[in-house]
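J.: Structure file entry-v2.tsv (TSV, C-alpha atoms and all ligand atoms) right here:
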```tsv
chain	number	residue	atom	x	y	z
A	244	MET	CA	31.02	104.07	43.59
A	245	THR	CA	34.16	102.13	42.71
A	246	THR	CA	33.51	99.28	40.28
A	247	GLY	CA	35.60	96.12	39.88
A	248	PHE	CA	39.18	96.53	38.70
A	249	THR	CA	42.62	94.86	38.72
A	250	HIS	CA	45.72	96.77	39.78
A	251	GLU	CA	49.27	95.46	39.67
A	252	THR	CA	51.48	96.76	42.49
A	253	LEU	CA	55.17	96.76	41.56
A	254	GLY	CA	57.70	95.17	43.93
A	255	GLN	CA	60.15	97.81	45.05
A	256	ARG	CA	61.54	99.12	48.34
A	257	VAL	CA	61.06	102.86	48.83
A	258	VAL	CA	63.03	104.67	51.51
A	259	PHE	CA	62.40	108.32	52.38
A	260	ALA	CA	65.50	109.51	54.23
A	261	PRO	CA	65.57	113.31	54.50
A	262	ALA	CA	69.20	114.38	54.91
A	263	GLY	CA	70.09	110.70	55.45
A	264	ALA	CA	70.76	109.22	52.01
A	265	ALA	CA	74.27	107.92	52.72
A	266	GLY	CA	73.18	105.55	55.48
A	267	ALA	CA	70.05	104.48	53.63
A	268	VAL	CA	71.99	103.75	50.42
A	269	ALA	CA	74.58	101.68	52.29
A	270	ALA	CA	71.76	99.72	53.93
A	271	GLU	CA	69.98	99.07	50.60
A	272	VAL	CA	73.22	97.96	48.90
A	273	GLY	CA	74.01	95.78	51.93
A	274	ARG	CA	70.56	94.14	51.84
A	275	ARG	CA	71.42	92.83	48.36
A	276	ASP	CA	74.86	91.70	49.52
A	277	ALA	CA	76.44	93.65	46.66
A	278	ARG	CA	80.27	93.79	46.64
A	279	ARG	CA	81.01	95.43	43.30
A	280	VAL	CA	78.95	98.52	42.66
A	281	MET	CA	78.92	100.55	39.45
A	282	LEU	CA	78.08	104.17	40.26
A	283	ILE	CA	76.35	106.19	37.52
A	284	ALA	CA	76.07	109.96	37.96
A	285	ALA	CA	76.32	112.82	35.43
A	286	PRO	CA	79.10	115.39	35.99
A	287	ALA	CA	76.60	117.85	37.57
A	288	GLU	CA	75.56	115.09	40.00
A	289	ARG	CA	79.06	113.95	40.94
A	290	ARG	CA	79.23	115.91	44.19
A	291	LEU	CA	75.86	114.48	45.28
A	292	ALA	CA	76.99	110.98	44.35
A	293	GLU	CA	80.14	111.36	46.47
A	294	GLN	CA	77.95	112.40	49.41
A	295	VAL	CA	75.84	109.25	49.25
A	296	ALA	CA	78.23	106.54	48.06
A	297	GLY	CA	80.92	106.89	50.75
A	298	ASP	CA	80.04	103.60	52.48
A	299	VAL	CA	79.40	101.58	49.32
A	300	PRO	CA	81.94	99.25	47.59
A	301	VAL	CA	82.20	101.21	44.32
A	302	VAL	CA	84.39	99.52	41.67
A	303	ALA	CA	83.48	101.74	38.68
A	304	VAL	CA	82.27	105.30	38.24
A	305	HIS	CA	80.48	106.20	35.01
A	306	ASP	CA	79.47	109.78	34.11
A	307	ASP	CA	78.81	109.48	30.36
A	308	VAL	CA	75.12	110.43	30.74
A	309	ARG	CA	72.94	112.00	28.02
A	310	MET	CA	69.22	112.81	28.00
A	311	HIS	CA	67.03	110.15	26.28
A	312	VAL	CA	69.87	107.56	26.45
A	313	PRO	CA	71.44	107.35	22.98
A	314	VAL	CA	72.15	103.68	22.15
A	315	GLU	CA	75.91	104.28	21.93
A	316	HIS	CA	75.86	105.60	25.50
A	317	ALA	CA	73.92	102.54	26.61
A	318	GLN	CA	76.44	100.24	24.94
A	319	ARG	CA	79.41	101.98	26.57
A	320	ALA	CA	77.78	101.80	30.00
A	321	ARG	CA	76.94	98.10	29.56
A	322	ALA	CA	80.53	97.36	28.52
A	323	ALA	CA	81.83	99.27	31.56
A	324	ALA	CA	79.54	97.25	33.87
A	325	THR	CA	80.76	93.98	32.36
A	326	GLU	CA	84.41	94.99	32.51
A	327	ALA	CA	84.08	96.02	36.17
A	328	ARG	CA	82.22	92.76	36.96
A	329	ALA	CA	79.62	94.90	38.70
A	330	ASP	CA	76.92	93.18	40.74
A	331	LEU	CA	74.73	96.25	41.32
A	332	VAL	CA	74.16	99.65	39.70
A	333	LEU	CA	73.82	102.69	41.96
A	334	SER	CA	72.36	105.67	40.08
A	335	VAL	CA	72.49	109.12	41.64
A	336	GLY	CA	70.86	111.78	39.49
A	337	GLY	CA	67.91	112.87	37.39
A	338	GLY	CA	65.82	110.94	34.90
A	339	SER	CA	68.67	110.78	32.39
A	340	THR	CA	70.98	109.09	34.89
A	341	THR	CA	68.26	106.68	36.01
A	342	GLY	CA	67.57	106.01	32.33
A	343	LEU	CA	71.17	104.97	31.70
A	344	ALA	CA	71.10	102.65	34.73
A	345	LYS	CA	67.93	101.10	33.32
A	346	ALA	CA	69.65	100.56	29.95
A	347	VAL	CA	72.39	98.62	31.78
A	348	ALA	CA	69.84	96.59	33.75
A	349	LEU	CA	67.85	95.79	30.60
A	350	THR	CA	70.63	93.65	29.11
A	351	THR	CA	72.64	92.63	32.18
A	352	GLY	CA	69.83	92.00	34.67
A	353	LEU	CA	71.81	93.89	37.35
A	354	PRO	CA	69.70	95.30	40.20
A	355	ILE	CA	69.51	99.09	40.57
A	356	VAL	CA	69.50	101.21	43.71
A	357	ALA	CA	68.22	104.59	42.50
A	358	VAL	CA	68.80	107.90	44.27
A	359	PRO	CA	66.80	110.54	42.38
A	360	THR	CA	67.91	114.17	42.41
A	361	THR	CA	65.06	115.60	40.26
A	362	TYR	CA	61.29	115.00	40.26
A	363	ALA	CA	61.14	113.06	36.96
A	364	GLY	CA	59.96	109.82	38.61
A	365	SER	CA	61.67	107.32	36.31
A	366	GLU	CA	62.92	105.42	39.39
A	367	ALA	CA	59.36	104.21	40.15
A	368	THR	CA	58.51	102.87	36.68
A	369	PRO	CA	59.54	99.77	34.68
A	370	VAL	CA	59.69	101.95	31.54
A	371	TRP	CA	63.00	102.19	29.64
A	372	GLY	CA	63.86	104.49	26.74
A	373	LEU	CA	66.66	104.41	24.15
A	374	THR	CA	67.29	106.85	21.31
A	375	SER	CA	68.75	106.14	17.91
A	376	GLY	CA	69.09	109.28	15.80
A	377	HIS	CA	65.77	111.10	16.30
A	378	GLU	CA	63.83	107.91	17.06
A	379	LYS	CA	63.11	107.29	20.72
A	380	GLN	CA	62.06	103.74	21.47
A	381	THR	CA	60.44	102.93	24.82
A	382	GLY	CA	59.43	99.65	26.39
A	383	VAL	CA	58.33	98.10	29.64
A	384	ASP	CA	60.45	95.45	31.35
A	385	PRO	CA	60.39	94.42	35.03
A	386	ARG	CA	64.23	94.08	34.96
A	387	VAL	CA	64.66	97.86	34.74
A	388	LEU	CA	62.50	98.70	37.77
A	389	PRO	CA	64.99	99.72	40.49
A	390	ALA	CA	65.07	97.27	43.40
A	391	SER	CA	65.25	100.16	45.87
A	392	ILE	CA	64.73	103.89	45.77
A	393	VAL	CA	66.30	106.22	48.32
A	394	TYR	CA	64.67	109.65	48.38
A	395	ASP	CA	66.54	112.42	50.17
A	396	ALA	CA	65.13	115.90	49.70
A	397	ALA	CA	68.50	117.43	50.64
A	398	LEU	CA	69.91	116.10	47.35
A	399	THR	CA	67.46	118.23	45.36
A	400	THR	CA	68.26	121.59	46.97
A	401	SER	CA	71.03	122.17	44.40
A	402	LEU	CA	68.61	121.76	41.49
A	403	PRO	CA	68.18	125.30	40.09
A	404	VAL	CA	64.73	126.83	40.66
A	405	ASP	CA	63.73	126.90	36.97
A	406	LEU	CA	64.67	123.23	36.56
A	407	SER	CA	62.91	122.37	39.83
A	408	VAL	CA	59.72	124.01	38.54
A	409	ALA	CA	59.88	122.26	35.17
A	410	SER	CA	60.70	118.91	36.78
A	411	GLY	CA	57.91	119.33	39.37
A	412	LEU	CA	55.43	120.09	36.58
A	413	ASN	CA	56.68	116.99	34.74
A	414	ALA	CA	55.61	115.09	37.87
A	415	MET	CA	52.30	116.99	37.88
A	416	ALA	CA	51.79	115.83	34.30
A	417	HIS	CA	52.02	112.22	35.50
A	418	CYS	CA	49.17	112.96	37.93
A	419	VAL	CA	46.96	114.77	35.44
A	420	ASP	CA	47.48	112.30	32.59
A	421	ALA	CA	46.90	109.32	34.93
A	422	MET	CA	43.29	110.53	35.27
A	423	TRP	CA	42.45	109.39	31.72
A	424	ALA	CA	45.38	107.23	30.57
A	425	PRO	CA	44.49	103.88	28.92
A	426	HIS	CA	44.91	101.69	32.03
A	427	ALA	CA	43.88	104.19	34.71
A	428	ASP	CA	42.23	102.46	37.67
A	429	PRO	CA	40.83	103.83	40.95
A	430	LEU	CA	44.14	103.25	42.80
A	431	ASP	CA	46.05	105.22	40.17
A	432	ILE	CA	43.52	108.02	40.44
A	433	ALA	CA	43.81	108.10	44.24
A	434	LEU	CA	47.62	108.20	44.02
A	435	ALA	CA	47.49	110.88	41.32
A	436	THR	CA	45.09	113.05	43.32
A	437	GLU	CA	47.28	112.96	46.42
A	438	GLY	CA	50.38	113.43	44.26
A	439	ALA	CA	48.89	116.58	42.72
A	440	ARG	CA	48.05	117.90	46.19
A	441	ALA	CA	51.59	117.28	47.47
A	442	LEU	CA	53.16	118.88	44.38
A	443	ALA	CA	50.83	121.90	44.54
A	444	THR	CA	51.83	122.34	48.20
A	445	GLY	CA	55.53	121.73	47.77
A	446	LEU	CA	56.44	123.56	44.57
A	447	PRO	CA	55.54	127.10	45.73
A	448	GLU	CA	57.66	126.45	48.84
A	449	VAL	CA	60.57	125.31	46.66
A	450	VAL	CA	60.37	128.58	44.72
A	451	ALA	CA	60.08	130.67	47.89
A	452	ASP	CA	62.86	128.81	49.72
A	453	PRO	CA	64.95	126.70	47.27
A	454	GLY	CA	67.37	125.62	49.98
A	455	GLY	CA	64.66	124.58	52.48
A	456	LEU	CA	63.77	120.94	52.99
A	457	ASP	CA	59.99	121.14	53.64
A	458	GLY	CA	58.91	122.12	50.12
A	459	ARG	CA	61.48	119.78	48.58
A	460	GLN	CA	60.21	116.89	50.71
A	461	ASP	CA	56.55	117.45	49.71
A	462	THR	CA	57.57	117.74	46.07
A	463	LEU	CA	59.62	114.54	46.17
A	464	PHE	CA	56.76	112.67	47.86
A	465	GLY	CA	54.34	113.98	45.22
A	466	ALA	CA	56.75	113.02	42.45
A	467	TYR	CA	56.88	109.43	43.76
A	468	LEU	CA	53.07	109.11	43.96
A	469	ALA	CA	52.81	110.63	40.49
A	470	ALA	CA	55.27	108.14	39.02
A	471	VAL	CA	53.54	105.13	40.59
A	472	ALA	CA	50.22	106.30	39.14
A	473	PHE	CA	51.82	106.86	35.72
A	474	ALA	CA	53.57	103.46	35.78
A	475	SER	CA	50.23	101.72	36.21
A	476	ALA	CA	47.95	103.97	34.14
A	477	GLY	CA	50.25	104.24	31.11
A	478	SER	CA	50.66	107.12	28.68
A	479	GLY	CA	47.65	109.32	28.04
A	480	LEU	CA	47.37	112.05	25.43
A	481	HIS	CA	49.77	114.39	27.24
A	482	HIS	CA	52.62	111.86	27.36
A	483	LYS	CA	52.06	110.70	23.78
A	484	LEU	CA	52.20	114.31	22.64
A	485	CYS	CA	55.34	115.20	24.62
A	486	HIS	CA	57.03	111.99	23.47
A	487	VAL	CA	56.52	113.00	19.84
A	488	LEU	CA	57.69	116.59	20.44
A	489	GLY	CA	60.75	115.60	22.49
A	490	GLY	CA	61.88	112.91	20.04
A	491	ARG	CA	61.29	114.80	16.76
A	492	TYR	CA	62.49	118.26	17.78
A	493	ASP	CA	64.96	117.44	20.55
A	494	LEU	CA	63.11	119.62	23.08
A	495	PRO	CA	64.07	119.53	26.78
A	496	HIS	CA	61.96	116.89	28.53
A	497	ALA	CA	60.69	118.53	31.72
A	498	GLN	CA	60.15	121.99	30.18
A	499	THR	CA	58.12	120.50	27.30
A	500	HIS	CA	55.82	118.78	29.80
A	501	ALA	CA	55.49	122.02	31.78
A	502	VAL	CA	54.39	123.97	28.68
A	503	VAL	CA	52.00	121.41	27.18
A	504	LEU	CA	50.17	120.29	30.34
A	505	PRO	CA	47.60	123.12	30.72
A	506	HIS	CA	46.62	122.81	27.06
A	507	VAL	CA	45.85	119.09	27.39
A	508	LEU	CA	43.98	119.75	30.64
A	509	ALA	CA	41.91	122.50	28.95
A	510	LEU	CA	41.02	120.07	26.16
A	511	ASN	CA	40.06	117.16	28.40
A	512	ALA	CA	38.61	118.67	31.60
A	513	PRO	CA	35.16	119.46	30.08
A	514	HIS	CA	34.75	115.76	29.23
A	515	ALA	CA	36.35	114.41	32.43
A	516	PRO	CA	34.26	115.91	35.26
A	517	ASP	CA	35.55	113.54	37.96
A	518	ALA	CA	39.19	114.37	37.12
A	519	ASP	CA	38.31	118.06	37.03
A	520	ARG	CA	36.72	117.89	40.48
A	521	ARG	CA	39.58	115.88	42.03
A	522	LEU	CA	42.33	118.07	40.59
A	523	ALA	CA	40.47	121.27	41.51
A	524	ALA	CA	40.30	120.03	45.12
A	525	ALA	CA	44.00	119.12	45.03
A	526	PHE	CA	44.82	122.66	43.86
A	527	GLY	CA	42.36	124.26	46.30
A	528	SER	CA	40.60	125.89	43.36
A	529	ASP	CA	37.16	125.92	41.68
A	530	THR	CA	38.39	124.23	38.51
A	531	ALA	CA	41.40	122.09	37.67
A	532	LEU	CA	42.54	124.43	34.92
A	533	GLY	CA	42.14	127.53	37.08
A	534	GLY	CA	44.16	125.84	39.83
A	535	LEU	CA	46.93	124.72	37.48
A	536	GLU	CA	47.18	128.14	35.87
A	537	ALA	CA	47.35	129.89	39.25
A	538	LEU	CA	50.09	127.47	40.31
A	539	ARG	CA	52.01	128.04	37.06
A	540	THR	CA	51.83	131.80	37.59
A	541	THR	CA	53.16	131.45	41.13
A	542	LEU	CA	55.98	129.27	39.82
A	543	ASP	CA	56.71	131.44	36.76
A	544	ALA	CA	56.54	128.24	34.72
A	545	PRO	CA	57.75	128.03	31.09
A	546	ARG	CA	54.94	128.95	28.67
A	547	ALA	CA	55.90	128.55	25.02
A	548	LEU	CA	57.33	125.75	22.89
A	549	ARG	CA	58.96	128.37	20.68
A	550	ASP	CA	61.12	129.39	23.65
A	551	LEU	CA	62.32	125.76	23.87
A	552	GLY	CA	63.57	125.67	20.27
A	553	MET	CA	60.56	124.42	18.30
A	554	ARG	CA	60.02	126.26	14.97
A	555	GLU	CA	56.64	127.40	13.63
A	556	SER	CA	57.26	125.36	10.48
A	557	ASP	CA	57.45	122.23	12.69
A	558	LEU	CA	53.77	122.52	13.72
A	559	PRO	CA	52.06	120.71	10.79
A	560	GLY	CA	54.50	117.79	10.97
A	561	ALA	CA	53.98	117.53	14.72
A	562	VAL	CA	50.18	117.41	14.31
A	563	ALA	CA	50.50	114.68	11.66
A	564	ALA	CA	52.80	112.64	13.92
A	565	ILE	CA	50.59	112.98	17.00
A	566	LEU	CA	47.17	112.16	15.51
A	567	PRO	CA	47.90	108.43	14.93
A	568	VAL	CA	49.06	107.95	18.56
A	569	VAL	CA	46.14	109.65	20.34
A	570	PRO	CA	44.89	107.06	22.85
A	571	PRO	CA	41.33	105.89	22.15
A	572	SER	CA	40.63	106.37	25.89
A	573	ASN	CA	41.08	110.15	25.64
A	574	PRO	CA	37.93	111.78	27.07
A	575	THR	CA	37.70	114.47	24.37
A	576	PRO	CA	37.77	113.37	20.73
A	577	VAL	CA	40.86	114.77	18.99
A	578	THR	CA	40.61	116.06	15.43
A	579	GLU	CA	43.26	117.62	13.22
A	580	ASP	CA	41.68	121.02	13.97
A	581	THR	CA	41.71	120.62	17.74
A	582	MET	CA	45.31	119.35	17.74
A	583	THR	CA	46.45	122.14	15.43
A	584	GLY	CA	44.84	124.75	17.72
A	585	LEU	CA	46.26	123.13	20.87
A	586	LEU	CA	49.81	122.94	19.53
A	587	ARG	CA	49.74	126.45	18.11
A	588	ARG	CA	48.64	127.87	21.47
A	589	ALA	CA	51.36	125.86	23.25
A	590	TRP	CA	53.91	127.05	20.70
A	591	GLU	CA	52.92	130.71	21.07
A	592	GLY	CA	52.46	130.59	24.82
A	593	ALA	CA	48.81	131.64	24.42
A	594	PRO	CA	46.32	130.91	27.22
A	595	PRO	CA	44.96	127.32	27.16
A	596	ARG	CA	41.35	126.82	26.15
A	601	LIG	P1	67.97	115.23	33.65
A	601	LIG	O1	68.18	113.97	34.37
A	601	LIG	O2	68.48	115.31	32.25
A	601	LIG	O3	68.59	116.41	34.53
A	601	LIG	C1	68.65	117.75	34.02
A	601	LIG	C2	69.99	118.40	34.40
A	601	LIG	O4	70.00	118.64	35.81
A	601	LIG	C3	71.19	117.50	34.12
A	601	LIG	O5	72.25	118.28	33.68
A	601	LIG	C4	71.49	116.90	35.49
A	601	LIG	O6	72.83	116.48	35.61
A	601	LIG	C5	71.17	118.06	36.39
A	601	LIG	N1	70.81	117.71	37.77
A	601	LIG	C6	70.06	116.67	38.17
A	601	LIG	N2	69.87	116.72	39.50
A	601	LIG	C7	70.52	117.81	39.95
A	601	LIG	C8	70.68	118.41	41.24
A	601	LIG	N3	70.08	117.92	42.33
A	601	LIG	N4	71.42	119.54	41.33
A	601	LIG	C9	71.97	120.11	40.22
A	601	LIG	N5	71.85	119.59	38.98
A	601	LIG	C10	71.12	118.45	38.85
A	601	LIG	O7	66.41	115.65	33.58
A	601	LIG	P2	65.08	114.91	34.09
A	601	LIG	O8	63.98	115.79	33.68
A	601	LIG	O9	65.20	114.52	35.50
A	601	LIG	O10	65.05	113.56	33.26
A	601	LIG	C11	64.69	113.56	31.90
A	601	LIG	C12	64.86	112.18	31.31
A	601	LIG	O11	64.19	111.22	32.10
A	601	LIG	C13	64.27	112.09	29.90
A	601	LIG	O12	65.13	111.31	29.07
A	601	LIG	C14	62.96	111.35	30.12
A	601	LIG	O13	62.52	110.65	28.98
A	601	LIG	C15	63.31	110.43	31.28
A	601	LIG	N6	62.14	110.02	32.07
A	601	LIG	C16	61.82	108.69	32.06
A	601	LIG	C17	60.74	108.26	32.79
A	601	LIG	C18	60.42	106.78	32.80
A	601	LIG	O14	59.48	106.36	33.43
A	601	LIG	N7	61.20	105.95	32.13
A	601	LIG	C19	59.96	109.15	33.54
A	601	LIG	C20	60.31	110.49	33.54
A	601	LIG	C21	61.43	110.91	32.81
```
Can you turn what I pasted into structure tokens?

T.:
Amino acid sequence: MTTGFTHETLGQRVVFAPAGAAGAVAAEVGRRDARRVMLIAAPAERRLAEQVAGDVPVVAVHDDVRMHVPVEHAQRARAAATEARADLVLSVGGGSTTGLAKAVALTTGLPIVAVPTTYAGSEATPVWGLTSGHEKQTGVDPRVLPASIVYDAALTTSLPVDLSVASGLNAMAHCVDAMWAPHADPLDIALATEGARALATGLPEVVADPGGLDGRQDTLFGAYLAAVAFASAGSGLHHKLCHVLGGRYDLPHAQTHAVVLPHVLALNAPHAPDADRRLAAAFGSDTALGGLEALRTTLDAPRALRDLGMRESDLPGAVAAILPVVPPSNPTPVTEDTMTGLLRRAWEGAPPR
């Protein structure tokens, strides 16, 4: 039975336009009466940006994008927006590109129209992140939530298969972690369950047919549901852990999530029977962990943190940094021993348990 709860729904237009982004983007920009658009897209996303921005009044193009938004990059982008007298930011790209658009919106208040080309989900959250040295600072501010999202699965067909898998499992991590994150409510859990089902359906199709639209469309839909659940539920153990690893050791974002996820699920599932049952059903499996592992095998997902550049000597420092940020809501109590075992298995690529 569902007990009483409060859920805040974020105000945002969401347009799914398979193979129709250009028209949808022009319509969303037009709805806001924008006349001076700053386009942000990384060099690898430039061709996609040109496809979708043809009917938009672009006055500045900015491609100085870096993962985790270093503050100097944010400052340069903000200065470019001011100099161009932009009245809207159009971002076309992955989470790094969306992140830079959010950094501009944070200080300028400019609205964002976001066109995602990965499954990271940043476009559906009011979370911003900025990095100074090895310190990543994050915050929540309604100004950075894009006013509109335009999802077009055709824009993700150029994402290489290994990146698609890692990015899709990053979205899956939003679903799994939303089950026990500090502010998880029944709506988040419903969104996360359906998100996991859509991702588990779509990702194997993406691997089998990377250029096809059906699998990409399911995956994009799942990624959106996942991000909405994450935005409301907040960061659970998995996200806290990946945040520490990514920031301290400069590990690639999506791949780190893909490696760590089964280990956190193995730790928590025995003490989260409802999440276990829901995720198992979403995967069409007897248990959540069995379903996730079968999916990861099908996808040939990344398995070991050591393959991503983390050193064995980093493990004790990582454990010490993670223990203070373990959310009190985590279903399984976390000790130094359990975290050491979890991280070592993730580092080696050993089976989760
Ligand atoms: P990314 O944006 O860095 O993209 C990875 C690479 O793929 C880049 O080189 C990019 O240019 C390229 N690329 C993107 N789309 C492509 C396409 N369709 N075809 C070919 N190449 C393409 O990676 P990401 O995983 O999407 O984003 C990671 C960043 O997003 C991290 O900084 C992370 O912290 C942030 N993030 C933030 C939130 C949030 O809520 N604020 C949520 C998720 C991720």

J.: Give me the residues within 7 Å of range 492-507 of chain A as a PyMOL selection string, counting only C-alpha atoms and dropping any in the same chain fewer than 6 places off.

T.: chain A and resi 409-410+412-413+416+481+485+532+535+544-548+551-553+585+589+595-596

J.: Keeping only C-alpha atoms, write the selected residues as an mmCIF file, in the coordinates of the input.

T.:
```cif
data_model
loop_
_atom_site.group_PDB
_atom_site.id
_atom_site.type_symbol
_atom_site.label_atom_id
_atom_site.label_comp_id
_atom_site.auth_asym_id
_atom_site.auth_seq_id
_atom_site.Cartn_x
_atom_site.Cartn_y
_atom_site.Cartn_z
ATOM 1 C CA ALA A 409 59.880 122.260 35.170
ATOM 2 C CA SER A 410 60.700 118.910 36.780
ATOM 3 C CA LEU A 412 55.430 120.090 36.580
ATOM 4 C CA ASN A 413 56.680 116.990 34.740
ATOM 5 C CA ALA A 416 51.790 115.830 34.300
ATOM 6 C CA HIS A 481 49.770 114.390 27.240
ATOM 7 C CA CYS A 485 55.340 115.200 24.620
ATOM 8 C CA LEU A 532 42.540 124.430 34.920
ATOM 9 C CA LEU A 535 46.930 124.720 37.480
ATOM 10 C CA ALA A 544 56.540 128.240 34.720
ATOM 11 C CA PRO A 545 57.750 128.030 31.090
ATOM 12 C CA ARG A 546 54.940 128.950 28.670
ATOM 13 C CA ALA A 547 55.900 128.550 25.020
ATOM 14 C CA LEU A 548 57.330 125.750 22.890
ATOM 15 C CA LEU A 551 62.320 125.760 23.870
ATOM 16 C CA GLY A 552 63.570 125.670 20.270
ATOM 17 C CA MET A 553 60.560 124.420 18.300
ATOM 18 C CA LEU A 585 46.260 123.130 20.870
ATOM 19 C CA ALA A 589 51.360 125.860 23.250
ATOM 20 C CA PRO A 595 44.960 127.320 27.160
ATOM 21 C CA ARG A 596 41.350 126.820 26.150
#
```

J.: Can you work out which one of A:Leu398, A:Ala346, A:Val450, A:Ala593 has the shortest atom-to-atom distance to ligand LIG 601 (chain A), counting only C-alpha atoms and all ligand atoms?

T.: A:Leu398

J.: What does the list of residues within 6 Å of ligand LIG 601 (chain A) look like if you count all atoms listed in the file, written as a list in words?

T.: Ala285, Ala287, Glu288, Met310, His311, Gly336, Gly337, Gly338, Ser339, Thr340, Thr360, Thr361, Ala363, Gly364, Ser365, Thr368, Val370, Trp371, Leu398, Thr399, Ser401, Leu402, Ser410, His496 and Ala497 of chain A

J.: Rounded to one decimal in Å, what is the spacing between CA of Gly458 in chain A and CA of Leu538 in chain A?

T.: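 Taking CA of Gly458 in chain A as the start and CA of Leu538 in chain A as the end point, the length is 14.2 Å.
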
J.: Nearest residue to Pro559 in chain A out of A:Arg539, A:Arg459, A:Arg256, A:Arg587, using all atoms listed in the file?

T.: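 Nearest to Pro559 in chain A: A:Arg587.
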
J.: Enter the distance from CA of Pro513 in chain A to CA of Pro567 in chain A, in Å, rounded to one decimal.

T.: 22.7 Å

J.: CA of Thr583 in chain A to CA of Gly560 in chain A: how many Å, to one decimal?

T.: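 Those two atoms sit 10.2 Å apart.
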
J.: Taking all atoms listed in the file into account, name the residue in A:Pro425, A:Gly263, A:Pro447, A:Pro286 that is nearest to Tyr394 in chain A.

T.: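 Closest candidate: A:Gly263.
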
J.: Considering only C-alpha atoms, return as a list in words whatever protein or nucleic-acid residues lie within 9 Å of Thr444 in chain A, sequence-local ones (same chain, fewer than 4 positions apart) excluded.

T.: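 Here the qualifying residues turn out to be Ala439, Arg440, Glu448, Gly458, Asp461, Thr462 and Phe526 of chain A.
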
J.: Just write the chosen residues, C-alpha atoms, as a PDB file, in the coordinates of the input.

T.:
```pdb
ATOM      1  CA  ALA A 439      48.890 116.580  42.720  1.00  0.00           C
ATOM      2  CA  ARG A 440      48.050 117.900  46.190  1.00  0.00           C
ATOM      3  CA  GLU A 448      57.660 126.450  48.840  1.00  0.00           C
ATOM      4  CA  GLY A 458      58.910 122.120  50.120  1.00  0.00           C
ATOM      5  CA  ASP A 461      56.550 117.450  49.710  1.00  0.00           C
ATOM      6  CA  THR A 462      57.570 117.740  46.070  1.00  0.00           C
ATOM      7  CA  PHE A 526      44.820 122.660  43.860  1.00  0.00           C
TER       8      PHE A 526
END
```

J.: Need the axis-aligned box for range 343-350 of chain A with 8 Å each side, so what are the centre and edges in Å to one decimal, as JSON?

T.:
```
{"center_x": 70.1, "center_y": 99.3, "center_z": 31.9, "size_x": 20.5, "size_y": 27.3, "size_z": 21.6}
```

J.: Determine, counting only C-alpha atoms, which protein, DNA and RNA residues have an atom within 9 Å of an atom of Val295 in chain A; residues of the same chain fewer than 2 positions away are not included. Present the result as a ChimeraX atom specification.

T.: /A:263-269,291-293,297-299,335,358

J.: Closest to Thr400 in chain A among A:Ala329, A:Val449, A:Ala476, A:Val577, using all atoms listed in the file?

T.: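 Of A:Ala329, A:Val449, A:Ala476, A:Val577, the one nearest Thr400 in chain A is A:Val449, counting all atoms listed in the file.
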